[in-house]
$ cat upload_36.pdb   # PDB, C-alpha atoms
MODEL        1
ATOM      1  CA  MET A   1     -20.814 136.312  95.834  1.00  0.00           C
ATOM      2  CA  THR A   2     -17.736 135.467  97.885  1.00  0.00           C
ATOM      3  CA  ASP A   3     -14.500 135.331  95.920  1.00  0.00           C
ATOM      4  CA  PHE A   4     -12.868 132.043  96.913  1.00  0.00           C
ATOM      5  CA  THR A   5     -10.006 132.446  94.393  1.00  0.00           C
ATOM      6  CA  LYS A   6      -7.281 133.312  96.928  1.00  0.00           C
ATOM      7  CA  VAL A   7      -8.194 130.748  99.580  1.00  0.00           C
ATOM      8  CA  LYS A   8      -8.720 128.037  96.945  1.00  0.00           C
ATOM      9  CA  ALA A   9      -5.262 128.650  95.463  1.00  0.00           C
ATOM     10  CA  ASN A  10      -3.639 128.655  98.906  1.00  0.00           C
ATOM     11  CA  LEU A  11      -5.386 125.437  99.937  1.00  0.00           C
ATOM     12  CA  GLU A  12      -4.323 123.734  96.709  1.00  0.00           C
ATOM     13  CA  LYS A  13      -0.693 124.791  97.343  1.00  0.00           C
ATOM     14  CA  ARG A  14      -0.992 123.021 100.689  1.00  0.00           C
ATOM     15  CA  GLY A  15      -2.057 119.744  99.062  1.00  0.00           C
ATOM     16  CA  TYR A  16      -5.843 119.925  99.365  1.00  0.00           C
ATOM     17  CA  ALA A  17      -8.402 119.259  96.673  1.00  0.00           C
ATOM     18  CA  VAL A  18     -10.894 122.139  96.682  1.00  0.00           C
ATOM     19  CA  SER A  19     -14.397 122.505  95.302  1.00  0.00           C
ATOM     20  CA  CYS A  20     -16.588 125.610  95.493  1.00  0.00           C
ATOM     21  CA  PHE A  21     -20.372 125.894  95.509  1.00  0.00           C
ATOM     22  CA  ALA A  22     -22.844 128.772  95.578  1.00  0.00           C
ATOM     23  CA  THR A  23     -25.269 126.978  97.907  1.00  0.00           C
ATOM     24  CA  ALA A  24     -25.334 124.316 100.586  1.00  0.00           C
ATOM     25  CA  ALA A  25     -27.859 122.382  98.489  1.00  0.00           C
ATOM     26  CA  GLU A  26     -25.405 122.200  95.570  1.00  0.00           C
ATOM     27  CA  ALA A  27     -22.582 121.072  97.870  1.00  0.00           C
ATOM     28  CA  ALA A  28     -24.826 118.455  99.499  1.00  0.00           C
ATOM     29  CA  GLY A  29     -25.763 117.089  96.077  1.00  0.00           C
ATOM     30  CA  TYR A  30     -22.100 116.906  95.091  1.00  0.00           C
ATOM     31  CA  LEU A  31     -21.075 115.009  98.243  1.00  0.00           C
ATOM     32  CA  ASP A  32     -24.131 112.759  98.127  1.00  0.00           C
ATOM     33  CA  GLY A  33     -23.238 111.795  94.566  1.00  0.00           C
ATOM     34  CA  LYS A  34     -19.571 111.272  95.369  1.00  0.00           C
ATOM     35  CA  LEU A  35     -20.000 109.089  98.473  1.00  0.00           C
ATOM     36  CA  ASP A  36     -21.742 105.775  97.889  1.00  0.00           C
ATOM     37  CA  GLY A  37     -21.511 102.462  99.744  1.00  0.00           C
ATOM     38  CA  ARG A  38     -18.958 103.848 102.198  1.00  0.00           C
ATOM     39  CA  THR A  39     -18.663 104.023 105.962  1.00  0.00           C
ATOM     40  CA  ILE A  40     -18.801 107.705 106.878  1.00  0.00           C
ATOM     41  CA  GLY A  41     -18.012 109.256 110.242  1.00  0.00           C
ATOM     42  CA  ILE A  42     -19.516 112.643 110.986  1.00  0.00           C
ATOM     43  CA  GLY A  43     -17.914 114.794 113.626  1.00  0.00           C
ATOM     44  CA  GLY A  44     -20.627 116.729 115.415  1.00  0.00           C
ATOM     45  CA  SER A  45     -20.880 119.324 112.661  1.00  0.00           C
ATOM     46  CA  VAL A  46     -23.662 121.904 112.751  1.00  0.00           C
ATOM     47  CA  THR A  47     -22.672 122.759 109.173  1.00  0.00           C
ATOM     48  CA  VAL A  48     -23.341 119.183 108.001  1.00  0.00           C
ATOM     49  CA  ARG A  49     -26.677 119.163 109.812  1.00  0.00           C
ATOM     50  CA  GLU A  50     -27.746 122.493 108.337  1.00  0.00           C
ATOM     51  CA  MET A  51     -26.963 121.153 104.856  1.00  0.00           C
ATOM     52  CA  GLY A  52     -29.314 118.179 105.367  1.00  0.00           C
ATOM     53  CA  LEU A  53     -26.431 115.967 104.312  1.00  0.00           C
ATOM     54  CA  LEU A  54     -26.708 113.398 107.100  1.00  0.00           C
ATOM     55  CA  ASP A  55     -30.135 112.150 106.002  1.00  0.00           C
ATOM     56  CA  ARG A  56     -29.124 112.029 102.345  1.00  0.00           C
ATOM     57  CA  LEU A  57     -25.959 110.033 102.999  1.00  0.00           C
ATOM     58  CA  LYS A  58     -27.736 107.522 105.269  1.00  0.00           C
ATOM     59  CA  THR A  59     -29.833 106.235 102.376  1.00  0.00           C
ATOM     60  CA  HIS A  60     -26.842 104.615 100.627  1.00  0.00           C
ATOM     61  CA  ASN A  61     -23.935 104.655 103.091  1.00  0.00           C
ATOM     62  CA  THR A  62     -23.294 103.493 106.636  1.00  0.00           C
ATOM     63  CA  VAL A  63     -23.177 106.730 108.622  1.00  0.00           C
ATOM     64  CA  VAL A  64     -21.645 106.891 112.091  1.00  0.00           C
ATOM     65  CA  SER A  65     -22.646 110.002 114.030  1.00  0.00           C
ATOM     66  CA  HIS A  66     -22.968 110.502 117.763  1.00  0.00           C
ATOM     67  CA  TRP A  67     -25.981 112.694 117.003  1.00  0.00           C
ATOM     68  CA  GLU A  68     -27.580 109.538 115.605  1.00  0.00           C
ATOM     69  CA  GLY A  69     -26.748 107.387 118.650  1.00  0.00           C
ATOM     70  CA  SER A  70     -23.282 106.135 117.687  1.00  0.00           C
ATOM     71  CA  ARG A  71     -20.290 106.507 119.967  1.00  0.00           C
ATOM     72  CA  LYS A  72     -17.881 109.320 119.064  1.00  0.00           C
ATOM     73  CA  GLU A  73     -15.054 106.779 118.993  1.00  0.00           C
ATOM     74  CA  ASP A  74     -16.732 104.708 116.265  1.00  0.00           C
ATOM     75  CA  ALA A  75     -16.471 107.548 113.741  1.00  0.00           C
ATOM     76  CA  ALA A  76     -12.674 107.291 113.979  1.00  0.00           C
ATOM     77  CA  PHE A  77     -12.759 103.905 112.232  1.00  0.00           C
ATOM     78  CA  THR A  78     -14.696 104.829 109.093  1.00  0.00           C
ATOM     79  CA  GLN A  79     -13.445 105.053 105.517  1.00  0.00           C
ATOM     80  CA  VAL A  80     -14.552 108.667 105.189  1.00  0.00           C
ATOM     81  CA  TYR A  81     -14.743 111.466 107.752  1.00  0.00           C
ATOM     82  CA  LEU A  82     -16.865 114.555 107.266  1.00  0.00           C
ATOM     83  CA  CYS A  83     -16.847 117.697 109.386  1.00  0.00           C
ATOM     84  CA  SER A  84     -16.208 121.422 109.238  1.00  0.00           C
ATOM     85  CA  VAL A  85     -13.611 123.748 110.717  1.00  0.00           C
ATOM     86  CA  ASN A  86     -13.977 126.614 113.175  1.00  0.00           C
ATOM     87  CA  GLY A  87     -11.757 128.981 111.223  1.00  0.00           C
ATOM     88  CA  LEU A  88     -10.215 129.041 107.745  1.00  0.00           C
ATOM     89  CA  ALA A  89      -7.499 131.563 106.925  1.00  0.00           C
ATOM     90  CA  GLU A  90      -7.408 132.889 103.383  1.00  0.00           C
ATOM     91  CA  THR A  91      -3.723 131.936 103.576  1.00  0.00           C
ATOM     92  CA  GLY A  92      -4.820 128.277 103.848  1.00  0.00           C
ATOM     93  CA  GLU A  93      -4.499 127.316 107.521  1.00  0.00           C
ATOM     94  CA  MET A  94      -7.542 125.602 109.053  1.00  0.00           C
ATOM     95  CA  VAL A  95      -8.298 125.718 112.780  1.00  0.00           C
ATOM     96  CA  ASN A  96     -10.482 123.421 114.884  1.00  0.00           C
ATOM     97  CA  ILE A  97     -11.150 123.564 118.609  1.00  0.00           C
ATOM     98  CA  ASP A  98     -12.494 120.506 120.399  1.00  0.00           C
ATOM     99  CA  GLY A  99     -13.497 119.456 123.886  1.00  0.00           C
ATOM    100  CA  VAL A 100     -13.231 115.677 123.520  1.00  0.00           C
ATOM    101  CA  GLY A 101     -10.682 115.414 120.712  1.00  0.00           C
ATOM    102  CA  ASN A 102     -12.673 113.220 118.335  1.00  0.00           C
ATOM    103  CA  ARG A 103     -12.853 115.816 115.564  1.00  0.00           C
ATOM    104  CA  ILE A 104      -9.300 117.052 115.827  1.00  0.00           C
ATOM    105  CA  ALA A 105      -7.952 113.487 115.823  1.00  0.00           C
ATOM    106  CA  SER A 106     -10.038 112.433 112.833  1.00  0.00           C
ATOM    107  CA  THR A 107      -8.917 115.407 110.745  1.00  0.00           C
ATOM    108  CA  VAL A 108      -5.276 114.303 110.856  1.00  0.00           C
ATOM    109  CA  PHE A 109      -5.273 110.494 110.924  1.00  0.00           C
ATOM    110  CA  GLY A 110      -7.014 107.264 110.048  1.00  0.00           C
ATOM    111  CA  HIS A 111      -9.348 107.760 107.107  1.00  0.00           C
ATOM    112  CA  GLU A 112      -9.123 107.085 103.396  1.00  0.00           C
ATOM    113  CA  GLU A 113     -10.845 110.395 102.730  1.00  0.00           C
ATOM    114  CA  LEU A 114     -11.582 113.564 104.685  1.00  0.00           C
ATOM    115  CA  TYR A 115     -14.086 116.208 103.583  1.00  0.00           C
ATOM    116  CA  LEU A 116     -14.040 119.575 105.326  1.00  0.00           C
ATOM    117  CA  VAL A 117     -17.228 121.494 104.536  1.00  0.00           C
ATOM    118  CA  VAL A 118     -16.784 125.219 105.135  1.00  0.00           C
ATOM    119  CA  GLY A 119     -19.255 128.104 104.872  1.00  0.00           C
ATOM    120  CA  ARG A 120     -18.099 131.620 103.983  1.00  0.00           C
ATOM    121  CA  ASN A 121     -18.651 132.787 107.565  1.00  0.00           C
ATOM    122  CA  LYS A 122     -15.651 130.698 108.689  1.00  0.00           C
ATOM    123  CA  LEU A 123     -13.202 132.693 106.540  1.00  0.00           C
ATOM    124  CA  ALA A 124     -10.624 134.979 108.132  1.00  0.00           C
ATOM    125  CA  PRO A 125      -7.928 137.020 106.406  1.00  0.00           C
ATOM    126  CA  ASP A 126      -4.993 135.231 108.040  1.00  0.00           C
ATOM    127  CA  TYR A 127      -3.893 132.603 110.570  1.00  0.00           C
ATOM    128  CA  ASP A 128      -4.324 134.862 113.620  1.00  0.00           C
ATOM    129  CA  GLY A 129      -7.815 135.767 112.440  1.00  0.00           C
ATOM    130  CA  ALA A 130      -8.753 132.103 111.997  1.00  0.00           C
ATOM    131  CA  VAL A 131      -7.566 131.270 115.531  1.00  0.00           C
ATOM    132  CA  TRP A 132      -9.388 134.325 116.898  1.00  0.00           C
ATOM    133  CA  ARG A 133     -12.577 133.285 115.115  1.00  0.00           C
ATOM    134  CA  ALA A 134     -12.365 129.716 116.403  1.00  0.00           C
ATOM    135  CA  ARG A 135     -11.875 130.875 119.989  1.00  0.00           C
ATOM    136  CA  ASN A 136     -14.136 133.931 120.122  1.00  0.00           C
ATOM    137  CA  VAL A 137     -16.954 133.142 117.693  1.00  0.00           C
ATOM    138  CA  ALA A 138     -17.289 129.373 117.247  1.00  0.00           C
ATOM    139  CA  SER A 139     -16.467 128.235 120.785  1.00  0.00           C
ATOM    140  CA  PRO A 140     -18.929 130.554 122.594  1.00  0.00           C
ATOM    141  CA  LYS A 141     -21.707 129.662 120.131  1.00  0.00           C
ATOM    142  CA  ASN A 142     -21.067 125.948 120.654  1.00  0.00           C
ATOM    143  CA  ALA A 143     -21.002 126.419 124.433  1.00  0.00           C
ATOM    144  CA  ILE A 144     -24.378 128.174 124.252  1.00  0.00           C
ATOM    145  CA  ARG A 145     -25.791 125.447 121.983  1.00  0.00           C
ATOM    146  CA  LEU A 146     -24.640 122.743 124.402  1.00  0.00           C
ATOM    147  CA  GLN A 147     -25.848 124.716 127.456  1.00  0.00           C
ATOM    148  CA  ARG A 148     -22.448 124.686 129.129  1.00  0.00           C
ATOM    149  CA  LYS A 149     -21.768 126.496 132.379  1.00  0.00           C
ATOM    150  CA  THR A 150     -18.885 128.595 131.105  1.00  0.00           C
ATOM    151  CA  PRO A 151     -18.270 132.357 130.976  1.00  0.00           C
ATOM    152  CA  CYS A 152     -18.371 132.306 127.171  1.00  0.00           C
ATOM    153  CA  ALA A 153     -21.808 130.637 127.215  1.00  0.00           C
ATOM    154  CA  VAL A 154     -23.171 133.123 129.745  1.00  0.00           C
ATOM    155  CA  LYS A 155     -21.932 136.221 127.911  1.00  0.00           C
ATOM    156  CA  GLY A 156     -21.691 134.804 124.387  1.00  0.00           C
ATOM    157  CA  ASP A 157     -19.063 137.328 123.387  1.00  0.00           C
ATOM    158  CA  LYS A 158     -15.596 135.745 123.557  1.00  0.00           C
ATOM    159  CA  CYS A 159     -13.363 133.078 125.042  1.00  0.00           C
ATOM    160  CA  TYR A 160     -12.452 133.731 128.666  1.00  0.00           C
ATOM    161  CA  ASP A 161      -9.762 131.021 128.777  1.00  0.00           C
ATOM    162  CA  CYS A 162     -11.664 129.637 131.757  1.00  0.00           C
ATOM    163  CA  ASN A 163     -10.986 126.676 133.995  1.00  0.00           C
ATOM    164  CA  SER A 164     -14.587 125.472 134.046  1.00  0.00           C
ATOM    165  CA  PRO A 165     -15.047 121.695 134.166  1.00  0.00           C
ATOM    166  CA  GLU A 166     -17.502 122.207 131.269  1.00  0.00           C
ATOM    167  CA  ARG A 167     -14.976 124.057 129.098  1.00  0.00           C
ATOM    168  CA  LEU A 168     -15.276 123.053 125.426  1.00  0.00           C
ATOM    169  CA  CYS A 169     -11.988 124.419 124.131  1.00  0.00           C
ATOM    170  CA  ARG A 170      -9.549 121.838 125.462  1.00  0.00           C
ATOM    171  CA  GLY A 171      -7.595 121.145 122.306  1.00  0.00           C
ATOM    172  CA  MET A 172      -6.872 122.924 119.060  1.00  0.00           C
ATOM    173  CA  THR A 173      -5.457 121.739 115.762  1.00  0.00           C
ATOM    174  CA  VAL A 174      -4.071 123.778 112.954  1.00  0.00           C
ATOM    175  CA  LEU A 175      -3.998 122.036 109.616  1.00  0.00           C
ATOM    176  CA  TRP A 176      -0.982 123.560 107.875  1.00  0.00           C
ATOM    177  CA  GLN A 177      -1.059 121.072 104.991  1.00  0.00           C
ATOM    178  CA  ALA A 178      -2.977 117.988 103.962  1.00  0.00           C
ATOM    179  CA  SER A 179      -2.064 115.251 106.445  1.00  0.00           C
ATOM    180  CA  ASN A 180      -0.002 112.229 105.436  1.00  0.00           C
ATOM    181  CA  GLY A 181      -2.232 110.255 107.835  1.00  0.00           C
ATOM    182  CA  ILE A 182      -5.279 110.723 105.581  1.00  0.00           C
ATOM    183  CA  GLY A 183      -5.507 109.314 102.062  1.00  0.00           C
ATOM    184  CA  ARG A 184      -7.156 112.348 100.428  1.00  0.00           C
ATOM    185  CA  THR A 185      -8.520 115.590 101.842  1.00  0.00           C
ATOM    186  CA  GLU A 186     -10.995 117.833 100.060  1.00  0.00           C
ATOM    187  CA  VAL A 187     -12.167 121.224 101.252  1.00  0.00           C
ATOM    188  CA  VAL A 188     -15.703 122.051 100.130  1.00  0.00           C
ATOM    189  CA  LEU A 189     -16.243 125.830 100.159  1.00  0.00           C
ATOM    190  CA  ILE A 190     -19.825 127.110 100.224  1.00  0.00           C
ATOM    191  CA  ASP A 191     -20.975 130.682  99.616  1.00  0.00           C
ATOM    192  CA  GLU A 192     -23.450 130.617 102.514  1.00  0.00           C
ATOM    193  CA  ASP A 193     -23.173 131.148 106.258  1.00  0.00           C
ATOM    194  CA  LEU A 194     -23.213 127.681 107.827  1.00  0.00           C
ATOM    195  CA  GLY A 195     -22.496 126.419 111.325  1.00  0.00           C
ATOM    196  CA  PHE A 196     -20.440 128.285 113.855  1.00  0.00           C
TER     197      PHE A 196
ENDMDL
END
$ encode --input "upload_36.pdb" --output "C-alpha cells"
Amino acid sequence: MTDFTKVKANLEKRGYAVSCFATAAEAAGYLDGKLDGRTIGIGGSVTVREMGLLDRLKTHNTVVSHWEGSRKEDAAFTQVYLCSVNGLAETGEMVNIDGVGNRIASTVFGHEELYLVVGRNKLAPDYDGAVWRARNVASPKNAIRLQRKTPCAVKGDKCYDCNSPERLCRGMTVLWQASNGIGRTEVVLIDEDLGF
C-alpha cells in the first residue's frame, strides 16, 4: 500500500482538503455520495473515466463533459469541476499540461468546488520530478491516445519540445497552493494506477 502520509501533510499545508482511498471504487463512491444536484464539469480526464465516475454522477447531477458531447467551454461555468493532474510532487506541487487550456484554467478559477482525483502513478518525489512526469510520461501517452502526429506520439518515450501543429503540451500550470479563485479544493488520492 502506498504511504500517502507525506504528500497528504504537504497538500494540507498548502490549503487543500485531502482524502485517501485504497481503490478507485471507494473514491468513486465517496465522490458520488458527496456531489448531488450540482452542475459538474469534467475536464477530459482518463482517470475519471477509468473510475466509472461519469456515469454514476450523471444519474443525479448535470454533468458537462466534452466526451459526452458538451463543449469544453461549458465546463468552465459549472459549480464543481473534476479532473486529475499529470504530476503530483510529494512536496505538494501539482502539475498539469494542456493543449487547449480548458483544464488548466478550470483548476485555478471559477468554480465553487474543485476535485483533483489522483492515482498513485502520478506521484513524484519533488517538483522537478512532477514536471518531468507530466512532460515525459503523461503528454506522450495522451498524444498516442489522441493519435497526434508528434514525435512523442511516434516514439512514446518522452517530450521532444516539438513545433508540431498537433502538439498537446502548449500550456502548463503548477498549483503551488489552493487557488483563491476556487471556493474549495479537495485532492482525492487513490492507491491504484489511474490515467496517465
$ atom_distance --input "upload_36.pdb" --atom1 "CA of Met51 (chain A)" --atom2 "CA of Thr2 (chain A)"
18.4 Å
$ resolve_selection --input "upload_36.pdb" --expression "the PyMOL selection byres ((chain A and resi 137) around 9)" --output "list in words"
Asn86, Trp132, Arg133, Ala134, Arg135, Asn136, Ala138, Ser139, Pro140, Lys141, Asn142, Gly156, Asp157, Lys158, Cys159 and Phe196 of chain A
$ closest_residue --input "upload_36.pdb" --among "A:Ala27, A:Val187, A:Ile144, A:Val63" --to "Glu50 (chain A)" --atoms "only C-alpha atoms"
A:Ala27
$ closest_residue --input "upload_36.pdb" --among "A:Val117, A:Cys169, A:Cys83, A:Ile104" --to "Cys20 (chain A)" --atoms "all atoms listed in the file"
A:Val117
$ atom_distance --input "upload_36.pdb" --atom1 "CA of Asp128 (chain A)" --atom2 "CA of Trp176 (chain A)"
13.1 Å
$ closest_residue --input "upload_36.pdb" --among "A:Met1, A:Tyr81, A:Lys13, A:Ile182" --to "Thr39 (chain A)" --atoms "all atoms listed in the file"
A:Tyr81
$ closest_residue --input "upload_36.pdb" --among "A:Trp67, A:Phe21, A:Tyr115, A:Phe4" --to "Gly44 (chain A)" --atoms "all atoms listed in the file"
A:Trp67
$ atom_distance --input "upload_36.pdb" --atom1 "CA of Ala153 (chain A)" --atom2 "CA of Gly99 (chain A)"
14.3 Å
$ resolve_selection --input "upload_36.pdb" --expression "the PyMOL selection byres ((chain A and resi 85) around 10)" --output "PyMOL selection string"
chain A and resi 45+47+83-84+86-88+94-97+103-104+107+116-119+122-123+130+134+138+173-175+187+195-196
$ write_last_selection --input "upload_36.pdb" --atoms "C-alpha atoms" --output "short mmCIF file (atom, residue, chain, number, x, y, z; two decimals), in the frame of the given file"
data_model
loop_
_atom_site.label_atom_id
_atom_site.label_comp_id
_atom_site.auth_asym_id
_atom_site.auth_seq_id
_atom_site.Cartn_x
_atom_site.Cartn_y
_atom_site.Cartn_z
CA SER A 45 -20.88 119.32 112.66
CA THR A 47 -22.67 122.76 109.17
CA CYS A 83 -16.85 117.70 109.39
CA SER A 84 -16.21 121.42 109.24
CA ASN A 86 -13.98 126.61 113.18
CA GLY A 87 -11.76 128.98 111.22
CA LEU A 88 -10.22 129.04 107.74
CA MET A 94 -7.54 125.60 109.05
CA VAL A 95 -8.30 125.72 112.78
CA ASN A 96 -10.48 123.42 114.88
CA ILE A 97 -11.15 123.56 118.61
CA ARG A 103 -12.85 115.82 115.56
CA ILE A 104 -9.30 117.05 115.83
CA THR A 107 -8.92 115.41 110.74
CA LEU A 116 -14.04 119.58 105.33
CA VAL A 117 -17.23 121.49 104.54
CA VAL A 118 -16.78 125.22 105.14
CA GLY A 119 -19.26 128.10 104.87
CA LYS A 122 -15.65 130.70 108.69
CA LEU A 123 -13.20 132.69 106.54
CA ALA A 130 -8.75 132.10 112.00
CA ALA A 134 -12.36 129.72 116.40
CA ALA A 138 -17.29 129.37 117.25
CA THR A 173 -5.46 121.74 115.76
CA VAL A 174 -4.07 123.78 112.95
CA LEU A 175 -4.00 122.04 109.62
CA VAL A 187 -12.17 121.22 101.25
CA GLY A 195 -22.50 126.42 111.32
CA PHE A 196 -20.44 128.28 113.86
#
$ closest_residue --input "upload_36.pdb" --among "A:Arg14, A:Arg148, A:Lys34, A:Arg170" --to "Asp98 (chain A)" --atoms "only C-alpha atoms"
A:Arg170
$ resolve_selection --input "upload_36.pdb" --expression "the PyMOL selection byres ((chain A and resi 11) around 10)" --output "list of chain:residue names"
A:Lys6, A:Val7, A:Lys8, A:Ala9, A:Asn10, A:Glu12, A:Lys13, A:Arg14, A:Gly15, A:Tyr16, A:Ala17, A:Val18, A:Leu88, A:Ala89, A:Glu90, A:Thr91, A:Gly92, A:Glu93, A:Met94, A:Trp176, A:Gln177, A:Ala178, A:Glu186, A:Val187
$ residues_around --input "upload_36.pdb" --residues "Arg38 (chain A)" --least-positions-apart "3" --cutoff "8 Å" --atoms "all atoms listed in the file" --output "list in words"
Leu35, Asn61, Thr62, Gln79 and Val80 of chain A
$ closest_residue --input "upload_36.pdb" --among "A:Val131, A:Val188, A:Val100, A:Met172" --to "Leu82 (chain A)" --atoms "all atoms listed in the file"
A:Val188
$ axis_aligned_box --input "upload_36.pdb" --around "region 139-158 of chain A" --padding-each-side "5 Å" --output "lines of an AutoDock Vina configuration file"
center_x = -20.7
center_y = 130.0
center_z = 126.3
size_x = 20.3
size_y = 24.6
size_z = 22.2
$ residues_around --input "upload_36.pdb" --residues "region 53-57 of chain A" --least-positions-apart "5" --cutoff "7 Å" --atoms "all atoms listed in the file" --output "mmCIF file with C-alpha atoms, in the frame of the given file"
data_model
loop_
_atom_site.group_PDB
_atom_site.id
_atom_site.type_symbol
_atom_site.label_atom_id
_atom_site.label_comp_id
_atom_site.auth_asym_id
_atom_site.auth_seq_id
_atom_site.Cartn_x
_atom_site.Cartn_y
_atom_site.Cartn_z
ATOM 1 C CA ALA A 28 -24.826 118.455 99.499
ATOM 2 C CA ASP A 32 -24.131 112.759 98.127
ATOM 3 C CA VAL A 48 -23.341 119.183 108.001
#
$ residues_near_point --input "upload_36.pdb" --point "(-4.4, 111.2, 102.7)" --cutoff "9 Å" --atoms "all atoms listed in the file" --output "list in words"
Val108, Phe109, Gly110, His111, Glu112, Glu113, Leu114, Ala178, Ser179, Asn180, Gly181, Ile182, Gly183, Arg184 and Thr185 of chain A
$ residues_around --input "upload_36.pdb" --residues "Arg71 (chain A)" --least-positions-apart "6" --cutoff "12 Å" --atoms "all atoms listed in the file" --output "list in words"
Gly41, Ile42, Gly43, Gly44, Val63, Val64, Ser65, Phe77 and Asn102 of chain A
$ write_last_selection --input "upload_36.pdb" --atoms "C-alpha atoms" --output "tab-separated table (two decimals), in the frame of the given file"
chain	number	residue	atom	x	y	z
A	41	GLY	CA	-18.01	109.26	110.24
A	42	ILE	CA	-19.52	112.64	110.99
A	43	GLY	CA	-17.91	114.79	113.63
A	44	GLY	CA	-20.63	116.73	115.42
A	63	VAL	CA	-23.18	106.73	108.62
A	64	VAL	CA	-21.64	106.89	112.09
A	65	SER	CA	-22.65	110.00	114.03
A	77	PHE	CA	-12.76	103.90	112.23
A	102	ASN	CA	-12.67	113.22	118.34
